[in-house]
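Listing of model.txt, compact mmCIF, C-alpha atoms
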```
# COMPACT_ATOMS: atom_id res chain seq x y z
CA MET A 1 27.58 46.57 148.79
CA ALA A 2 31.32 46.36 149.24
CA VAL A 3 33.66 49.15 150.21
CA VAL A 4 37.08 48.68 148.69
CA ARG A 5 40.16 50.45 149.94
CA VAL A 6 42.31 51.54 147.01
CA THR A 7 45.89 52.77 147.13
CA GLY A 8 46.50 55.02 144.12
CA ARG A 9 49.65 55.45 142.06
CA ASP A 10 50.36 58.55 144.15
CA GLY A 11 50.27 56.45 147.32
CA ALA A 12 47.05 58.00 148.61
CA GLU A 13 44.38 55.63 149.91
CA ARG A 14 40.68 56.04 149.07
CA ALA A 15 37.60 54.07 149.97
CA LEU A 16 35.35 53.30 146.98
CA GLU A 17 31.89 51.83 146.97
CA ALA A 18 32.15 48.97 144.47
CA THR A 19 29.03 48.02 142.56
CA GLY A 20 27.92 44.47 143.21
CA GLY A 21 27.56 42.26 140.16
CA CYS A 22 30.15 44.22 138.21
CA ALA A 23 33.86 43.77 137.80
CA LEU A 24 36.06 45.68 140.23
CA MET A 25 37.66 47.20 137.11
CA ASP A 26 34.44 49.15 136.39
CA THR A 27 34.53 50.86 139.76
CA LEU A 28 38.25 51.62 139.53
CA ARG A 29 37.92 52.97 135.98
CA ASP A 30 34.89 55.14 136.75
CA ALA A 31 36.51 56.54 139.90
CA GLY A 32 39.46 57.88 137.92
CA THR A 33 42.10 55.76 139.60
CA GLY A 34 44.10 55.47 136.37
CA ILE A 35 42.70 52.06 135.54
CA ASP A 36 41.73 52.07 131.84
CA GLY A 37 40.08 48.69 131.37
CA THR A 38 40.35 49.27 127.64
CA CYS A 39 39.25 45.82 126.49
CA GLY A 40 36.26 45.65 128.81
CA GLY A 41 37.12 42.34 130.42
CA MET A 42 38.41 40.33 127.46
CA MET A 43 41.86 39.95 129.08
CA SER A 44 43.53 41.34 125.97
CA CYS A 45 44.85 44.76 127.08
CA GLY A 46 46.39 44.43 130.57
CA THR A 47 45.33 47.95 131.59
CA CYS A 48 43.44 47.06 134.79
CA HIS A 49 46.34 45.51 136.70
CA VAL A 50 46.17 45.75 140.48
CA TYR A 51 48.15 44.33 143.38
CA VAL A 52 45.75 42.71 145.80
CA ASP A 53 46.64 42.90 149.47
CA PRO A 54 48.23 39.48 150.16
CA ALA A 55 45.79 38.95 153.04
CA TRP A 56 42.99 38.97 150.44
CA SER A 57 44.60 36.95 147.67
CA ASP A 58 43.23 33.60 148.78
CA ARG A 59 39.74 34.99 149.27
CA LEU A 60 39.33 35.77 145.55
CA ALA A 61 38.37 33.30 142.87
CA PRO A 62 41.59 31.89 141.39
CA LYS A 63 43.14 33.20 138.18
CA SER A 64 42.24 31.58 134.88
CA GLU A 65 44.90 30.54 132.42
CA ASP A 66 43.95 33.45 130.18
CA GLU A 67 44.34 35.94 133.01
CA GLN A 68 47.76 34.53 133.85
CA MET A 69 48.79 34.80 130.19
CA MET A 70 47.80 38.45 130.07
CA LEU A 71 49.68 39.14 133.31
CA ASP A 72 52.74 37.37 131.91
CA ALA A 73 52.50 39.50 128.78
CA ILE A 74 52.61 42.79 130.71
CA GLY A 75 55.34 41.41 132.94
CA GLU A 76 57.98 42.70 130.54
CA LEU A 77 56.77 46.26 131.11
CA VAL A 78 55.63 46.42 134.72
CA GLU A 79 56.44 44.75 137.99
CA LEU A 80 54.43 41.62 138.74
CA ARG A 81 53.84 40.39 142.25
CA PRO A 82 52.37 37.09 143.42
CA SER A 83 49.18 38.98 144.21
CA SER A 84 48.94 40.63 140.77
CA ARG A 85 45.44 40.43 139.29
CA LEU A 86 43.44 41.86 136.45
CA SER A 87 40.69 43.77 138.21
CA CYS A 88 38.31 42.94 135.36
CA GLN A 89 38.40 39.37 136.63
CA ILE A 90 37.40 40.25 140.19
CA ALA A 91 33.63 40.05 140.47
CA VAL A 92 32.35 42.30 143.20
CA THR A 93 30.19 40.71 145.88
CA ASP A 94 29.33 41.69 149.43
CA ALA A 95 31.97 39.21 150.56
CA LEU A 96 34.64 41.54 149.21
CA ASP A 97 33.73 44.32 151.65
CA GLY A 98 37.02 45.64 153.00
CA LEU A 99 39.16 44.38 150.11
CA LYS A 100 42.44 46.25 149.75
CA VAL A 101 44.11 46.76 146.38
CA GLU A 102 46.91 48.91 144.99
CA ILE A 103 46.79 50.32 141.46
CA ALA A 104 49.77 48.95 139.52
CA PRO A 105 51.82 51.17 137.19
CA PRO A 106 50.52 51.68 133.65
CA VAL A 107 51.84 49.47 130.83
CA MET B 108 -11.77 3.33 101.42
CA GLY B 109 -9.26 4.30 104.05
CA ALA B 110 -8.58 7.73 105.47
CA ILE B 111 -6.69 10.14 103.27
CA ASP B 112 -2.97 10.31 104.07
CA LEU B 113 -2.81 14.05 104.52
CA LYS B 114 0.89 14.03 105.23
CA GLN B 115 1.42 12.67 101.75
CA LEU B 116 -0.76 15.33 100.18
CA LEU B 117 0.36 18.34 102.17
CA GLU B 118 4.04 17.71 102.85
CA SER B 119 5.29 19.92 100.04
CA GLN B 120 3.85 22.99 101.77
CA SER B 121 6.40 22.65 104.55
CA LEU B 122 9.33 21.59 102.41
CA GLU B 123 12.24 23.89 101.73
CA ARG B 124 13.85 24.11 98.34
CA CYS B 125 17.33 23.63 99.82
CA PRO B 126 17.33 22.67 103.50
CA PHE B 127 21.08 21.99 103.58
CA PRO B 128 23.94 23.91 105.16
CA ILE B 129 27.05 24.54 103.06
CA PRO B 130 28.77 21.14 102.85
CA VAL B 131 32.33 20.44 103.96
CA GLY B 132 34.85 20.09 101.16
CA TRP B 133 37.44 21.48 98.79
CA TYR B 134 36.00 24.02 96.37
CA PHE B 135 37.21 25.83 93.29
CA ILE B 136 37.57 29.55 93.90
CA ASP B 137 39.11 30.81 90.66
CA TYR B 138 41.83 30.12 88.14
CA CYS B 139 45.35 30.83 89.43
CA ASP B 140 46.14 33.32 86.66
CA THR B 141 43.31 35.63 87.74
CA LEU B 142 45.12 36.69 90.93
CA LYS B 143 48.61 38.13 90.81
CA PRO B 144 50.97 38.60 93.76
CA GLY B 145 49.91 41.59 95.83
CA GLU B 146 46.33 41.56 94.53
CA MET B 147 43.17 41.15 96.55
CA ARG B 148 39.46 41.17 95.81
CA ASN B 149 36.16 40.30 97.43
CA VAL B 150 34.44 37.05 96.50
CA PHE B 151 31.06 35.71 97.56
CA VAL B 152 30.94 31.94 98.16
CA PHE B 153 29.78 29.64 100.97
CA ASP B 154 26.95 32.07 101.71
CA GLN B 155 29.22 34.96 102.72
CA GLU B 156 31.79 37.40 101.46
CA TRP B 157 35.52 36.64 101.68
CA VAL B 158 38.70 38.54 100.91
CA LEU B 159 40.76 36.62 98.38
CA PHE B 160 44.37 37.75 98.19
CA ARG B 161 47.79 36.64 97.04
CA THR B 162 50.91 37.53 99.01
CA GLU B 163 53.99 39.03 97.40
CA SER B 164 55.68 35.62 97.43
CA GLY B 165 52.68 34.12 95.64
CA LYS B 166 50.73 32.38 98.38
CA PRO B 167 46.94 32.58 98.05
CA GLY B 168 44.80 33.46 101.06
CA MET B 169 41.10 33.70 101.70
CA SER B 170 39.84 35.37 104.85
CA ASP B 171 36.70 36.47 106.56
CA PRO B 172 36.40 40.14 105.59
CA TYR B 173 35.87 41.60 109.05
CA CYS B 174 38.92 42.54 111.11
CA PRO B 175 38.83 40.87 114.55
CA HIS B 176 39.89 44.19 116.09
CA LEU B 177 37.03 46.59 115.34
CA GLY B 178 35.31 44.95 112.43
CA ALA B 179 36.52 46.91 109.41
CA HIS B 180 35.95 45.17 106.06
CA MET B 181 39.48 44.46 104.91
CA GLY B 182 38.39 44.00 101.32
CA HIS B 183 37.47 47.68 101.14
CA GLY B 184 40.66 49.68 101.55
CA GLY B 185 42.88 46.93 102.93
CA LYS B 186 45.97 45.78 101.09
CA VAL B 187 48.51 43.03 100.76
CA CYS B 188 51.73 43.95 102.58
CA GLY B 189 54.44 41.40 101.91
CA GLU B 190 53.06 38.11 103.23
CA HIS B 191 50.19 39.72 105.09
CA LEU B 192 46.75 41.18 104.57
CA ARG B 193 46.60 44.59 106.25
CA CYS B 194 43.44 46.12 107.62
CA PRO B 195 42.93 49.74 106.51
CA PHE B 196 41.52 50.87 109.87
CA HIS B 197 44.52 50.46 112.26
CA HIS B 198 46.98 48.48 110.12
CA TRP B 199 46.65 45.23 112.01
CA GLU B 200 48.19 42.54 109.77
CA TYR B 201 47.28 38.88 109.24
CA ASP B 202 48.99 35.99 107.50
CA THR B 203 47.22 33.52 105.22
CA ALA B 204 46.54 31.22 108.18
CA GLY B 205 44.75 34.01 110.06
CA TRP B 206 47.43 34.72 112.66
CA CYS B 207 47.77 38.35 113.61
CA LYS B 208 51.40 39.25 112.82
CA SER B 209 51.47 42.95 113.61
CA ILE B 210 49.64 45.48 115.76
CA PRO B 211 51.76 48.50 115.02
CA TYR B 212 50.99 50.52 118.16
CA ALA B 213 50.38 47.99 120.95
CA LYS B 214 53.04 47.71 123.63
CA VAL B 215 51.60 44.41 124.79
CA THR B 216 50.34 41.76 122.41
CA PRO B 217 46.98 40.35 123.56
CA PRO B 218 47.62 36.76 124.70
CA ILE B 219 45.08 35.20 122.35
CA VAL B 220 47.05 36.61 119.43
CA LYS B 221 49.96 34.40 120.41
CA LYS B 222 47.74 31.46 121.21
CA GLN B 223 45.74 31.02 118.02
CA ALA B 224 44.70 32.47 114.69
CA ILE B 225 42.17 35.19 115.41
CA LEU B 226 40.94 35.72 111.86
CA ARG B 227 39.04 32.98 110.07
CA THR B 228 40.87 31.97 106.92
CA LEU B 229 40.35 28.97 104.69
CA PRO B 230 43.11 26.47 103.90
CA MET B 231 44.03 26.81 100.22
CA VAL B 232 45.89 24.80 97.62
CA GLU B 233 46.66 25.46 93.98
CA LYS B 234 46.09 22.50 91.73
CA TYR B 235 45.00 21.98 88.11
CA GLY B 236 45.79 25.68 87.50
CA MET B 237 43.10 26.60 89.99
CA MET B 238 42.84 27.98 93.51
CA TRP B 239 40.94 25.70 95.88
CA ALA B 240 39.66 26.48 99.37
CA TRP B 241 38.68 24.08 102.11
CA TYR B 242 35.34 24.89 103.72
CA HIS B 243 34.37 23.46 107.08
CA PRO B 244 31.67 25.14 109.19
CA GLN B 245 33.66 24.56 112.41
CA CYS B 246 36.98 25.53 110.80
CA GLU B 247 38.43 22.02 110.99
CA ALA B 248 41.51 21.14 108.94
CA PRO B 249 41.16 19.29 105.62
CA SER B 250 40.22 15.65 106.09
CA PHE B 251 41.10 14.54 102.55
CA GLU B 252 43.29 15.67 99.66
CA LEU B 253 42.52 16.58 96.09
CA PRO B 254 43.52 13.78 93.70
CA TYR B 255 46.05 13.67 90.91
CA ILE B 256 44.18 14.18 87.64
CA PRO B 257 46.40 13.29 84.70
CA GLU B 258 44.13 15.07 82.22
CA MET B 259 44.82 18.32 84.10
CA GLU B 260 48.31 17.76 85.43
CA ASP B 261 50.16 15.73 82.78
CA ALA B 262 51.72 18.46 80.68
CA THR B 263 52.21 16.34 77.57
CA GLY B 264 49.49 13.76 77.14
CA TYR B 265 46.28 15.76 77.11
CA ALA B 266 44.64 18.69 75.37
CA GLY B 267 41.42 20.67 75.36
CA THR B 268 40.79 24.27 76.31
CA ARG B 269 37.04 24.05 76.42
CA ARG B 270 35.51 25.02 79.71
CA GLY B 271 32.34 26.60 80.92
CA SER B 272 30.48 28.04 83.87
CA TRP B 273 26.80 27.85 84.67
CA THR B 274 24.73 29.03 87.62
CA ALA B 275 22.02 26.81 89.07
CA ASP B 276 19.46 28.05 91.57
CA THR B 277 19.80 25.08 93.84
CA CYS B 278 22.25 23.50 96.22
CA ILE B 279 25.18 21.30 95.31
CA GLN B 280 23.68 18.05 96.60
CA GLU B 281 20.62 18.37 94.39
CA ILE B 282 22.84 18.76 91.34
CA ALA B 283 25.05 15.83 92.31
CA GLU B 284 22.06 13.59 92.96
CA ASN B 285 21.36 13.45 89.23
CA GLY B 286 24.46 11.25 88.92
CA VAL B 287 22.70 8.35 90.63
CA ASP B 288 19.23 9.22 89.35
CA VAL B 289 19.66 7.23 86.16
CA ALA B 290 15.95 7.08 85.33
CA HIS B 291 15.92 10.79 84.56
CA LEU B 292 18.49 10.22 81.83
CA LYS B 293 15.86 8.46 79.73
CA PHE B 294 12.97 10.81 80.42
CA LEU B 295 14.52 14.24 80.87
CA HIS B 296 17.55 13.75 78.62
CA ASN B 297 15.86 11.45 76.15
CA ALA B 298 18.53 8.75 76.39
CA PRO B 299 17.55 5.56 74.53
CA MET B 300 17.23 3.59 77.76
CA ILE B 301 17.70 3.79 81.51
CA PRO B 302 21.36 2.89 81.88
CA PRO B 303 22.47 0.62 84.70
CA VAL B 304 24.45 2.31 87.47
CA GLU B 305 26.76 1.06 90.16
CA ALA B 306 27.73 3.45 92.93
CA THR B 307 30.45 2.63 95.41
CA TYR B 308 31.50 4.72 98.36
CA ASP B 309 34.83 5.04 100.10
CA GLY B 310 35.03 7.84 102.67
CA PRO B 311 34.67 11.15 100.82
CA VAL B 312 35.01 9.45 97.42
CA MET B 313 32.07 8.17 95.40
CA THR B 314 32.64 6.13 92.26
CA LEU B 315 29.89 5.86 89.67
CA ASN B 316 29.82 3.39 86.84
CA ILE B 317 27.01 4.37 84.50
CA GLY B 318 26.12 2.20 81.51
CA LYS B 319 28.63 -0.56 82.29
CA GLY B 320 31.74 1.51 81.77
CA TYR B 321 30.31 4.17 79.45
CA ILE B 322 30.78 6.78 82.19
CA ILE B 323 33.16 6.24 85.10
CA GLY B 324 32.79 9.12 87.50
CA LYS B 325 34.63 9.87 90.70
CA ALA B 326 33.46 12.49 93.17
CA TYR B 327 35.96 13.79 95.70
CA GLY B 328 33.65 15.39 98.23
CA PRO B 329 30.95 17.78 96.99
CA GLY B 330 33.29 20.09 95.06
CA LEU B 331 35.06 17.94 92.48
CA ASN B 332 33.84 15.37 89.99
CA VAL B 333 35.95 13.67 87.37
CA MET B 334 33.81 11.87 84.80
CA ARG B 335 35.40 9.84 82.04
CA PHE B 336 33.19 9.05 79.06
CA ASN B 337 34.28 6.03 77.05
CA GLN B 338 33.01 5.43 73.54
CA HIS B 339 34.50 3.41 70.67
CA GLY B 340 37.85 3.17 72.41
CA VAL B 341 38.11 6.92 72.97
CA THR B 342 37.95 8.55 76.39
CA ALA B 343 37.04 12.15 77.06
CA THR B 344 36.98 13.69 80.49
CA MET B 345 34.70 16.17 82.15
CA ILE B 346 36.21 17.76 85.24
CA SER B 347 33.39 19.39 87.14
CA TYR B 348 34.10 21.75 90.03
CA SER B 349 31.02 23.32 91.51
CA VAL B 350 31.05 25.82 94.32
CA PRO B 351 28.18 26.74 96.64
CA VAL B 352 27.57 30.46 96.25
CA SER B 353 24.81 30.36 98.82
CA LYS B 354 22.54 27.70 100.25
CA GLU B 355 20.34 27.96 97.15
CA LYS B 356 22.78 28.93 94.44
CA THR B 357 25.60 26.92 92.92
CA GLN B 358 28.19 27.92 90.38
CA MET B 359 28.93 24.92 88.18
CA ASN B 360 32.28 24.99 86.45
CA MET B 361 33.65 22.41 84.05
CA SER B 362 36.75 21.75 82.05
CA PHE B 363 36.73 19.28 79.17
CA ARG B 364 39.90 17.39 78.28
CA HIS B 365 40.88 14.60 75.95
CA VAL B 366 43.94 12.72 74.82
CA ASP B 367 46.19 14.91 72.70
CA TYR B 368 45.41 13.20 69.39
CA ALA B 369 46.90 14.60 66.17
CA GLN B 370 44.86 17.06 64.12
CA GLY B 371 42.59 15.42 61.59
CA THR B 372 42.49 11.99 63.22
CA PRO B 373 39.15 10.27 63.75
CA GLU B 374 40.06 9.87 67.43
CA LEU B 375 40.25 13.65 67.84
CA ALA B 376 36.89 14.08 66.13
CA ALA B 377 35.38 11.35 68.32
CA SER B 378 36.78 13.00 71.46
CA LYS B 379 35.26 16.34 70.55
CA LYS B 380 31.91 14.75 69.77
CA ILE B 381 31.83 13.10 73.20
CA ILE B 382 32.45 16.48 74.76
CA ASP B 383 29.65 18.05 72.71
CA HIS B 384 27.42 15.30 74.03
CA MET B 385 28.32 16.05 77.64
CA ILE B 386 27.09 19.61 77.42
CA GLY B 387 24.22 19.59 74.93
CA ALA B 388 22.96 17.37 72.16
CA ALA B 389 25.79 16.38 69.85
CA GLU B 390 25.26 16.50 66.12
CA GLY B 391 22.95 13.76 64.91
CA GLU B 392 21.82 12.85 68.43
CA GLU B 393 18.41 13.03 69.97
CA SER B 394 19.51 13.03 73.61
CA ALA B 395 20.26 16.21 75.51
CA GLY B 396 23.17 17.17 77.72
CA PHE B 397 22.63 18.91 81.04
CA GLU B 398 22.68 22.41 79.66
CA SER B 399 19.38 22.18 77.82
CA VAL B 400 17.25 20.21 80.27
CA ASP B 401 18.53 19.96 83.85
CA PHE B 402 18.28 23.60 84.89
CA ILE B 403 14.52 23.87 84.57
CA VAL B 404 14.22 21.08 87.12
CA TRP B 405 17.02 22.20 89.45
CA ASN B 406 15.92 25.83 89.51
CA ASN B 407 12.36 25.08 90.57
CA LYS B 408 12.26 21.87 92.55
CA LYS B 409 11.95 21.25 96.29
CA TYR B 410 14.01 18.67 98.11
CA ARG B 411 11.94 15.80 99.41
CA PRO B 412 13.68 14.16 102.37
CA ASN B 413 11.16 11.31 102.09
CA PRO B 414 10.90 10.78 98.35
CA LEU B 415 8.44 8.36 96.79
CA LEU B 416 10.77 6.07 94.86
CA CYS B 417 9.82 3.13 92.72
CA ASP B 418 11.53 0.16 91.14
CA GLY B 419 13.73 1.30 88.29
CA ASP B 420 14.87 4.40 90.17
CA GLY B 421 18.58 4.72 90.81
CA PRO B 422 20.30 4.33 94.21
CA VAL B 423 19.28 7.74 95.48
CA LEU B 424 19.12 6.90 99.18
CA PRO B 425 22.65 5.46 99.56
CA PHE B 426 23.89 8.58 97.76
CA ARG B 427 22.11 10.78 100.29
CA LYS B 428 23.52 8.77 103.16
CA TRP B 429 27.02 9.22 101.72
CA PHE B 430 26.49 12.95 101.23
CA LYS B 431 25.36 13.44 104.83
CA GLN B 432 28.98 13.13 106.01
CA PHE B 433 29.55 16.61 104.59
CA TYR B 434 27.02 18.16 106.98
CA PRO B 435 28.62 17.75 110.42
CA GLY B 436 26.17 18.65 113.15
CA PHE B 437 23.16 17.68 111.03
CA GLU B 438 23.43 13.93 111.56
CA ASN B 439 20.00 13.75 113.12
CA SER B 440 18.22 16.30 110.97
CA THR B 441 14.96 15.08 109.48
CA LYS B 442 14.99 17.82 106.84
CA ILE B 443 17.94 16.39 104.99
```
Can you present the structure in this file as C-alpha cells?
Amino acid sequence: MAVVRVTGRDGAERALEATGGCALMDTLRDAGTGIDGTCGGMMSCGTCHVYVDPAWSDRLAPKSEDEQMMLDAIGELVELRPSSRLSCQIAVTDALDGLKVEIAPPV
Amino acid sequence: MGAIDLKQLLESQSLERCPFPIPVGWYFIDYCDTLKPGEMRNVFVFDQEWVLFRTESGKPGMSDPYCPHLGAHMGHGGKVCGEHLRCPFHHWEYDTAGWCKSIPYAKVTPPIVKKQAILRTLPMVEKYGMMWAWYHPQCEAPSFELPYIPEMEDATGYAGTRRGSWTADTCIQEIAENGVDVAHLKFLHNAPMIPPVEATYDGPVMTLNIGKGYIIGKAYGPGLNVMRFNQHGVTATMISYSVPVSKEKTQMNMSFRHVDYAQGTPELAASKKIIDHMIGAAEGEESAGFESVDFIVWNNKKYRPNPLLCDGDGPVLPFRKWFKQFYPGFENSTKI
C-alpha cells in the first residue's frame, strides 16, 4: 500500500491511499480530486495531468513517447513543467509510498 | 498385401472446403457510374462489411464501418461531408485515407490522430470504368499496379458491352486453379483434346498460354485476369475481375471486348462467336463454357492440399506456389 500526498487545485493537501497494481489516475479520479481520466489510460485525452514533486520525478518509470506527445498536445492549454506526468502512466507500487503530486489545471 | 494407408482414405474428413484467408490484391468493387459524389453505401466483400463512399470532389473511399471513437456504424446514418465521411454519433470526420480530420468538440486532439490514420480504409483507384480496392490483411500499401488494358482503355479501337456476374460458392484460388488444370477442359468441358499449357510467373503476374496461343491469359494478382482468345486471325478478350465476398464465396465478374469491326463483317461475327464460346457452348459446338459446367464442381468440392496428380495433369503445384504469395503469414501453413 502506498500513501500519496496530493495537493488539490484549491491548494489543500490530502493523503490518499493509492491502490497497488492500478494507475495513480484511478485513485485520483475516484477521490474526486478533479482528475477525469476520461480515456482510461490510452493517453488520448490529457485529463489526468499532474505535477510530480521534483524530488520524486527520477523515482518514477520514465515517460513514453506517447505520453510526451499527449503532454505536448495539452501544453497549448495548460502550463507544463519538467515534472509534468499523466497520472494514468504512473503504476502504483509500495515503492511509491510518500509520493507527492499536485493536480494540474483542467484542459 | 501391405497395411492400408488410412491417411489416404480418411483425409477428406478433416479437409476444409476453403482453408484460405482473403488473398492480397486489387479487387473490383463496382462500376464507377454506380456511385455519385456525396453518395455512400454499405458493401460486403473480403469477409466483412465496408462503407463505400465518394467525396464531393469525386474521390472514392472505402472504410471499415465502425468509428474508432465509440464504434458507431458509419454506414447507418453517417454521411459524406465535403471530402470526409462523417460519423453520425459525434460527427467525427475521416478522409479517404482514414485520417481523422475533425473532432468538433475536443479542445485537445489525441496524439495518435496526428500520428497516423486511425480508421482502416482501403487504397482505391478508378480504372477501366471501375472502382478497385487494394486488400491486404496487415493494411500494407499496394505492391503492384493494375495494368493498361487497351480493350478497356483505348476509346476508339474496341467495342463490346457484354458483361456478366456470377456467384461461386468457393474461394478465388479454387476458381483460378482451373486455368492451369487443362485436363478438366477435355472431361468437364468436353473439349476435343487436352490442350497444352505453359504457365510462367513473374512476381504477382502469371501468364498462361493454353493451346499454343489459342488463349493467352495474364493474371495480375488474384483479382484480375485478362484472357485473349485467338481464332482464325480474330482476337476477343475476356476481362475477368473476381472479388472474394467471403472465404467461401466469390463474385465473378467479366467484361467481353473485341476489336471494333464494322457491322456485318465476318470478323465481327467471329468475335462474337468466340465470346459465346467463353461463357457457354457456342452455336454448333459440343464443348461447354464455364457457366454450364464449372459451378457444380466449384460449389461442392474440398481443397486438397496434397492432391493425387497424375501424368497429363496440368501444372497445378507451381500455380499453388505462385498463389501462396498472396497469403502473407501463411507461408508455413500445411492446409494451403
Discussion item. For a quick test of understanding: name the residues of chain B lying within 8 Å of chain A when counting all atoms listed in the file, and present them as a VMD selection string.
Written reply: chain B and resid 214 to 219
Fill in: For B:Glu163: contacts at 9 Å, all atoms listed in the file, fewer than 5 positions along chain excluded, given as a ChimeraX atom specification
/B:143-146,187-191
Fill in: Test item: residues at most 10 Å from stretch 18-29 of chain A, all atoms listed in the file, excluding those fewer than 5 positions along its chain, as a PyMOL selection string
chain A and resi 1-6+34-38+40-41+47-50+86-97+103
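Note that atom CA of B:Pro422 and atom CA of B:Glu284 are 9.5 Å apart.
Using all atoms listed in the file for every distance, the candidate list B:Val350, B:Ile111, B:Ala266, B:Ile256 yields B:Val350 as the residue closest to B:Phe151.
Taking only C-alpha atoms into account, the residues near (34.2, 21.2, 90.8), no farther than 8 Å, are Tyr134, Phe135, Pro329, Gly330, Leu331, Asn332, Ile346, Ser347, Tyr348, Ser349, Val350, Met359, Asn360 and Met361 of chain B.
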Worksheet item: stretch 370-380 of chain B: which residues within 7 Å, counting only C-alpha atoms, same-chain residues fewer than 4 positions away excluded, as a list of chain:residue names?
Response: B:Val341, B:Thr342, B:Ala343, B:His365, B:His384, B:Ala389
Filtering to C-alpha atoms, could you give me those residues as a CSV table (one decimal), in the frame of the given file?
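Now in selection.csv:
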```csv
chain,number,residue,atom,x,y,z
B,341,VAL,CA,38.1,6.9,73.0
B,342,THR,CA,38.0,8.6,76.4
B,343,ALA,CA,37.0,12.2,77.1
B,365,HIS,CA,40.9,14.6,76.0
B,384,HIS,CA,27.4,15.3,74.0
B,389,ALA,CA,25.8,16.4,69.8
```
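Between B:His339 and the candidates B:Arg364, B:Asn406, B:Ile381, B:Met300, the tightest atom-to-atom separation, counting only C-alpha atoms, involves B:Ile381.
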Item to complete: Calculate how many Å separate atom CA of B:Leu416 from atom CA of B:Thr314, rounding to one decimal.
Response: 22.0 Å
Worksheet, complete the sentence: Correct to one decimal, the distance atom CA of B:Pro167-atom CA of B:Tyr434 is 26.2 Å
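For the set B:Met181, B:Ala369, B:Cys207, B:Leu122, the residue with the smallest atom-to-atom gap to B:Pro195 is B:Met181, counting all atoms listed in the file.
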Worksheet entry | Counting only C-alpha atoms, the residue of B:Pro211, B:Gly396, B:Pro435, B:Gly178 that sits nearest B:His296 | B:Gly396
Since the input is missing atoms, can you rebuild N, CA and C atoms for stretch 311-324 of chain B and write them as a JSON list (two decimals), keeping the file's coordinate frame?
```
[["chain", "number", "residue", "atom", "x", "y", "z"],
["B", 311, "PRO", "N", 35.23, 10.00, 101.55],
["B", 311, "PRO", "CA", 34.67, 11.15, 100.82],
["B", 311, "PRO", "C", 34.56, 10.90, 99.31],
["B", 312, "VAL", "N", 34.98, 9.71, 98.86],
["B", 312, "VAL", "CA", 35.01, 9.45, 97.42],
["B", 312, "VAL", "C", 33.84, 8.55, 97.02],
["B", 313, "MET", "N", 33.13, 8.99, 95.99],
["B", 313, "MET", "CA", 32.07, 8.17, 95.40],
["B", 313, "MET", "C", 32.49, 7.82, 93.98],
["B", 314, "THR", "N", 32.35, 6.55, 93.64],
["B", 314, "THR", "CA", 32.64, 6.13, 92.26],
["B", 314, "THR", "C", 31.35, 5.68, 91.61],
["B", 315, "LEU", "N", 31.09, 6.23, 90.43],
["B", 315, "LEU", "CA", 29.89, 5.86, 89.67],
["B", 315, "LEU", "C", 30.31, 5.15, 88.40],
["B", 316, "ASN", "N", 29.63, 4.07, 88.11],
["B", 316, "ASN", "CA", 29.82, 3.39, 86.84],
["B", 316, "ASN", "C", 28.45, 3.36, 86.15],
["B", 317, "ILE", "N", 28.30, 4.23, 85.17],
["B", 317, "ILE", "CA", 27.01, 4.37, 84.50],
["B", 317, "ILE", "C", 27.10, 3.72, 83.13],
["B", 318, "GLY", "N", 26.16, 2.85, 82.83],
["B", 318, "GLY", "CA", 26.12, 2.20, 81.51],
["B", 318, "GLY", "C", 27.26, 1.22, 81.30],
["B", 319, "LYS", "N", 27.59, 0.49, 82.35],
["B", 319, "LYS", "CA", 28.63, -0.56, 82.29],
["B", 319, "LYS", "C", 29.93, -0.05, 81.65],
["B", 320, "GLY", "N", 30.45, 1.01, 82.23],
["B", 320, "GLY", "CA", 31.74, 1.51, 81.77],
["B", 320, "GLY", "C", 31.64, 2.68, 80.80],
["B", 321, "TYR", "N", 30.43, 3.03, 80.37],
["B", 321, "TYR", "CA", 30.31, 4.17, 79.45],
["B", 321, "TYR", "C", 30.77, 5.46, 80.16],
["B", 322, "ILE", "N", 30.29, 5.65, 81.40],
["B", 322, "ILE", "CA", 30.78, 6.78, 82.19],
["B", 322, "ILE", "C", 31.32, 6.23, 83.51],
["B", 323, "ILE", "N", 32.59, 6.54, 83.79],
["B", 323, "ILE", "CA", 33.16, 6.24, 85.10],
["B", 323, "ILE", "C", 33.41, 7.59, 85.77],
["B", 324, "GLY", "N", 32.66, 7.84, 86.83],
["B", 324, "GLY", "CA", 32.79, 9.12, 87.50],
["B", 324, "GLY", "C", 33.32, 8.95, 88.90]]
```
